[in-house]
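Chemist: Got a structure for you, written out below as structure tokens; questions coming shortly.
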Amino acid sequence: MVKQKINMAEYILMKGNEAIAISAIRNGCDGYFGYPITPQSEVMETLMAEEPWDSTGMVVLQAESETSSINMLYGGASCGKRVMTSSSSPGISLMAEGLSYLAGAELPCLVVNVVRGGPGLGTIQPGQGDYFQACKGGGHGDYKMIVLAPNSAQEMYDFVDLGFELAFKYRNPALILSDGVIGQMMEKVELRPMKPRWTEEEIIKMSPWATTGKTPDRKQNVLTSLALDAAVHEALNHRLIEKYKQMEEEDVRFENYLCEDADHMIVAYGSMARVCENTVDLARKEGIKLGLLRPITLFPYPTKEIQRLVPQLKTIMSVELSAGQMVEDIRLAVNGKIPVNFYGRLGGIVPSPEEVLEAFKKEINK
């Protein structure tokens, strides 16, 4: 990492994975519990090198496995602490049961997935094949996670703070869904002002639900996802459903690029959104009115924004590093009103802007 100051702001040239670690320290994270796996191992390596236990008191622990680390998050989150972990695709699969428990017990935490190609061990090269896992549950039961999709090292940094903010707003796990491109690429990152860890008094005030100790004036706090009474369990699920609806009303995030006059639109997230922004520029030079919609929250999804734009569009294309997953949500939003095409690459192959443009023109000229 290379540090420099420009106009009194502090910048560091760093990888996206390193940005996650530095942001955790600077945004008051209480504990990180993880296990190494390519291509996200730099998160823990950076935390160990920075030794935040000396500067902020943050705990950094390499667990014996991914299942251990996610259950450590359960314990820390139960105490109202800002806790997080990071992994890559197969590791997140091992955490799926714990994520369902966290969502069922309504515990806030932050999880980072730097996606690699799959299924199985797959490849250590970048992929976006974990969209279903992230947005459609991944584990068992009717639950959702807040899913943020960064497209830069700066957003890797910024989304740690945002992820914690949303996780505690909704008492729900939040997931940063990155990939091997964003995790490994080096970019200039602006460091935001340092935020201290919460004091015990602040935790008690802001998280009265947490297990901070029994007091004479209230019942003990019980945090569990277990409800053996059918009526109690159904009531819990209905409460979760209402919470997810609130997310869809209040915290949908997206970016439009040249969409307002577009005849056609690409939808892409993460690293592919960066590629496709250049595709849009190339298309515009050829006189094609192409726009780009970049979902920043994959859940809640910008369904209403797609529906707003559909009347002016002739086609939409989903571009993904997968066999086609997000495209299903686009088709649901469009509801058959216009064609929705798909272009994807697999195995860690990242297409160029020119390749995407050729694929787009091939579809619209059929």
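How things are named: the first chain in the structure tokens is A, the next is B, and so on; residues count from 1 in each chain; ligands count from 1 in the order shown.
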May I have the residues within 9 Å of Met44 in chain A as a VMD selection string, using only C-alpha atoms and disregarding those fewer than 4 positions away in the same chain?
Modeler: chain A and resid 17 to 18 21 32 to 36 40 48 to 49 60 to 62 86
Chemist: Would you export the selected residues with N, CA and C atoms as a short mmCIF file (atom, residue, chain, number, x, y, z; two decimals), in the first residue's frame, please?
Modeler:
data_model
loop_
_atom_site.label_atom_id
_atom_site.label_comp_id
_atom_site.auth_asym_id
_atom_site.auth_seq_id
_atom_site.Cartn_x
_atom_site.Cartn_y
_atom_site.Cartn_z
N ASN A 17 -9.33 -5.83 -1.59
CA ASN A 17 -9.33 -6.62 -0.36
C ASN A 17 -8.69 -5.85 0.80
N GLU A 18 -7.61 -5.14 0.51
CA GLU A 18 -6.95 -4.33 1.54
C GLU A 18 -7.87 -3.21 2.01
N ALA A 21 -10.18 -4.32 4.73
CA ALA A 21 -9.53 -4.43 6.03
C ALA A 21 -9.30 -3.07 6.67
N TYR A 32 -13.12 -9.25 13.81
CA TYR A 32 -13.10 -9.95 12.52
C TYR A 32 -12.72 -11.39 12.80
N PHE A 33 -13.52 -12.32 12.27
CA PHE A 33 -13.27 -13.75 12.45
C PHE A 33 -13.33 -14.39 11.06
N GLY A 34 -12.23 -14.94 10.60
CA GLY A 34 -12.22 -15.45 9.23
C GLY A 34 -11.30 -16.62 9.05
N TYR A 35 -11.23 -17.05 7.78
CA TYR A 35 -10.40 -18.19 7.41
C TYR A 35 -9.89 -17.92 5.99
N PRO A 36 -8.61 -18.18 5.72
CA PRO A 36 -8.06 -17.79 4.41
C PRO A 36 -8.59 -18.63 3.25
N GLN A 40 -9.48 -13.84 -1.55
CA GLN A 40 -9.75 -12.78 -0.58
C GLN A 40 -8.80 -12.80 0.61
N MET A 48 -3.94 -8.46 10.02
CA MET A 48 -2.86 -8.93 10.88
C MET A 48 -1.65 -7.99 10.82
N ALA A 49 -1.37 -7.48 9.62
CA ALA A 49 -0.23 -6.57 9.47
C ALA A 49 -0.47 -5.23 10.17
N VAL A 60 -8.94 -9.61 16.00
CA VAL A 60 -8.75 -10.26 14.70
C VAL A 60 -8.33 -11.70 14.98
N LEU A 61 -9.13 -12.64 14.51
CA LEU A 61 -8.89 -14.04 14.84
C LEU A 61 -9.08 -14.92 13.62
N GLN A 62 -8.08 -15.75 13.34
CA GLN A 62 -8.25 -16.78 12.32
C GLN A 62 -8.89 -17.99 12.98
N SER A 86 -14.95 -12.51 6.16
CA SER A 86 -14.84 -12.49 4.70
C SER A 86 -14.41 -13.87 4.24
#
Chemist: Which residues come within 6 Å of range 243-249 of chain A, counting only C-alpha atoms, excluding same-chain residues fewer than 3 positions away, as a PyMOL selection string?
Modeler: chain A and resi 240+252+300
Chemist: Filtering to C-alpha atoms, could you give me those residues as an mmCIF file, in the first residue's frame?
Modeler:
data_model
loop_
_atom_site.group_PDB
_atom_site.id
_atom_site.type_symbol
_atom_site.label_atom_id
_atom_site.label_comp_id
_atom_site.auth_asym_id
_atom_site.auth_seq_id
_atom_site.Cartn_x
_atom_site.Cartn_y
_atom_site.Cartn_z
ATOM 1 C CA LEU A 240 -39.107 -10.690 8.736
ATOM 2 C CA VAL A 252 -32.691 0.413 -2.999
ATOM 3 C CA PRO A 300 -33.255 -5.018 -2.412
#
Chemist: Between A:Pro173, A:Pro295, A:Gly344, A:Gly98, which is the closest to Met72 in chain A once you count only C-alpha atoms?
Modeler: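 Of A:Pro173, A:Pro295, A:Gly344, A:Gly98, the one nearest Met72 in chain A, counting only C-alpha atoms, is A:Gly98.
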Chemist: Kindly indicate which residue among A:Leu282, A:Leu166, A:Ile266, A:Ile70 lies nearest to Phe299 in chain A, using only C-alpha atoms for the distances.
Modeler: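 Of A:Leu282, A:Leu166, A:Ile266, A:Ile70, the one nearest Phe299 in chain A, counting only C-alpha atoms, is A:Leu166.
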Chemist: Hey, what's within 7 Å of Arg253 in chain A if we count only C-alpha atoms and toss same-chain stuff fewer than 5 positions away? As an MDAnalysis selection string, please?
Modeler: chainID A and resid 295:297 302
Chemist: Taking 4 positions as the minimum chain separation for residues in the same chain, which residues sit within 6 Å of Ala105 in chain A when counting only C-alpha atoms? Answer as number ranges by chain.
Modeler: A: 223-225
Chemist: Keeping only N, CA and C atoms, write the selected residues as a PDB file, in the first residue's frame.
Modeler:
ATOM      1  N   LEU A 223     -31.892 -14.287  22.432  1.00  0.00           N
ATOM      2  CA  LEU A 223     -31.665 -14.191  20.996  1.00  0.00           C
ATOM      3  C   LEU A 223     -31.544 -15.589  20.417  1.00  0.00           C
ATOM      4  N   THR A 224     -32.540 -15.979  19.645  1.00  0.00           N
ATOM      5  CA  THR A 224     -32.567 -17.325  19.079  1.00  0.00           C
ATOM      6  C   THR A 224     -33.395 -17.328  17.804  1.00  0.00           C
ATOM      7  N   SER A 225     -33.113 -18.288  16.932  1.00  0.00           N
ATOM      8  CA  SER A 225     -33.943 -18.486  15.745  1.00  0.00           C
ATOM      9  C   SER A 225     -34.890 -19.673  15.933  1.00  0.00           C
TER      10      SER A 225
END
Chemist: With distances taken over only C-alpha atoms, which residue among A:Pro193, A:Pro208, A:Gly163, A:Pro39 lies nearest Gly16 in chain A?
Modeler: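 Closest to Gly16 in chain A, using only C-alpha atoms: A:Pro39.
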Chemist: To test your reading of the structure, identify every residue in range 102-349 of chain A that backbone DSSP assigns to strand (DSSP E), and report it as a PyMOL selection string.
Modeler: chain A and resi 109-117+123-126+146-148+173-179+186-190+254-257+264-267+290-295+297-299+315-320+340-344
Chemist: I want to know what sits within 10 Å of range 323-335 of chain A, based on only C-alpha atoms, with residues of the same chain fewer than 5 positions away left out; could you give that as a ChimeraX atom specification?
Modeler: /A:128-132,135,267-269,298,301-311,316-318,340-346
Chemist: From the list A:Val356, A:Ala210, A:Ala231, A:Val181, which residue is nearest Ala77 in chain A when using only C-alpha atoms?
Modeler: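 Result for the nearest residue to Ala77 in chain A: A:Ala210.
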Chemist: Can you measure CA of Glu286 in chain A to CA of Thr315 in chain A for me? One decimal in Å is fine.
Modeler: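 Interatomic distance here is 17.4 Å.
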Chemist: Set the distance at 8 Å and use only C-alpha atoms: which residues neighbour Gly80 in chain A once local chain neighbours fewer than 3 positions away are removed? I'd like the list as an mmCIF file with N, CA and C atoms, in the first residue's frame.
Modeler:
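Everything below was put into around-v1.cif:
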data_model
loop_
_atom_site.group_PDB
_atom_site.id
_atom_site.type_symbol
_atom_site.label_atom_id
_atom_site.label_comp_id
_atom_site.auth_asym_id
_atom_site.auth_seq_id
_atom_site.Cartn_x
_atom_site.Cartn_y
_atom_site.Cartn_z
ATOM 1 N N GLY A 76 -20.628 -12.607 18.742
ATOM 2 C CA GLY A 76 -20.308 -11.191 18.823
ATOM 3 C C GLY A 76 -21.504 -10.306 18.532
ATOM 4 N N ALA A 77 -22.272 -10.666 17.507
ATOM 5 C CA ALA A 77 -23.455 -9.882 17.139
ATOM 6 C C ALA A 77 -24.494 -9.904 18.250
ATOM 7 N N ILE A 203 -23.640 0.887 23.141
ATOM 8 C CA ILE A 203 -24.267 -0.354 22.683
ATOM 9 C C ILE A 203 -25.588 -0.586 23.405
ATOM 10 N N ILE A 204 -25.596 -0.395 24.708
ATOM 11 C CA ILE A 204 -26.822 -0.585 25.489
ATOM 12 C C ILE A 204 -27.910 0.387 25.031
ATOM 13 N N SER A 207 -28.653 -0.549 21.029
ATOM 14 C CA SER A 207 -29.067 -1.933 20.770
ATOM 15 C C SER A 207 -29.635 -2.547 22.041
ATOM 16 N N ALA A 210 -29.667 -6.390 22.670
ATOM 17 C CA ALA A 210 -28.447 -7.180 22.781
ATOM 18 C C ALA A 210 -28.276 -7.794 24.166
ATOM 19 N N THR A 211 -27.440 -8.830 24.232
ATOM 20 C CA THR A 211 -27.162 -9.501 25.507
ATOM 21 C C THR A 211 -26.027 -8.766 26.215
ATOM 22 N N THR A 212 -26.365 -7.653 26.834
ATOM 23 C CA THR A 212 -25.375 -6.827 27.517
ATOM 24 C C THR A 212 -25.457 -6.965 29.028
#
Chemist: Mind giving me the straight-line distance from CA of Val114 in chain A to CA of Met265 in chain A in Å, one decimal?
Modeler: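 Separation of CA of Val114 in chain A and CA of Met265 in chain A: 26.6 Å.
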Chemist: Do you know which residues are at most 8 Å from Asp179 in chain A counting only C-alpha atoms, after dropping those on the same chain fewer than 2 positions away, and could you put them as a ChimeraX atom specification?
Modeler: /A:113-116,126-128,177,181-183,270-271
Chemist: Using only C-alpha atoms, which residue out of A:Cys109, A:Met186, A:Ala167, A:Val59 lies closest to Met14 in chain A?
Modeler: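 Looking only at the distances to Met14 in chain A, the closest residue turns out to be A:Met186.
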Chemist: In Å, rounded to a single decimal, give me how far CA of Ile20 in chain A is from CA of Glu202 in chain A.
Modeler: 24.4 Å
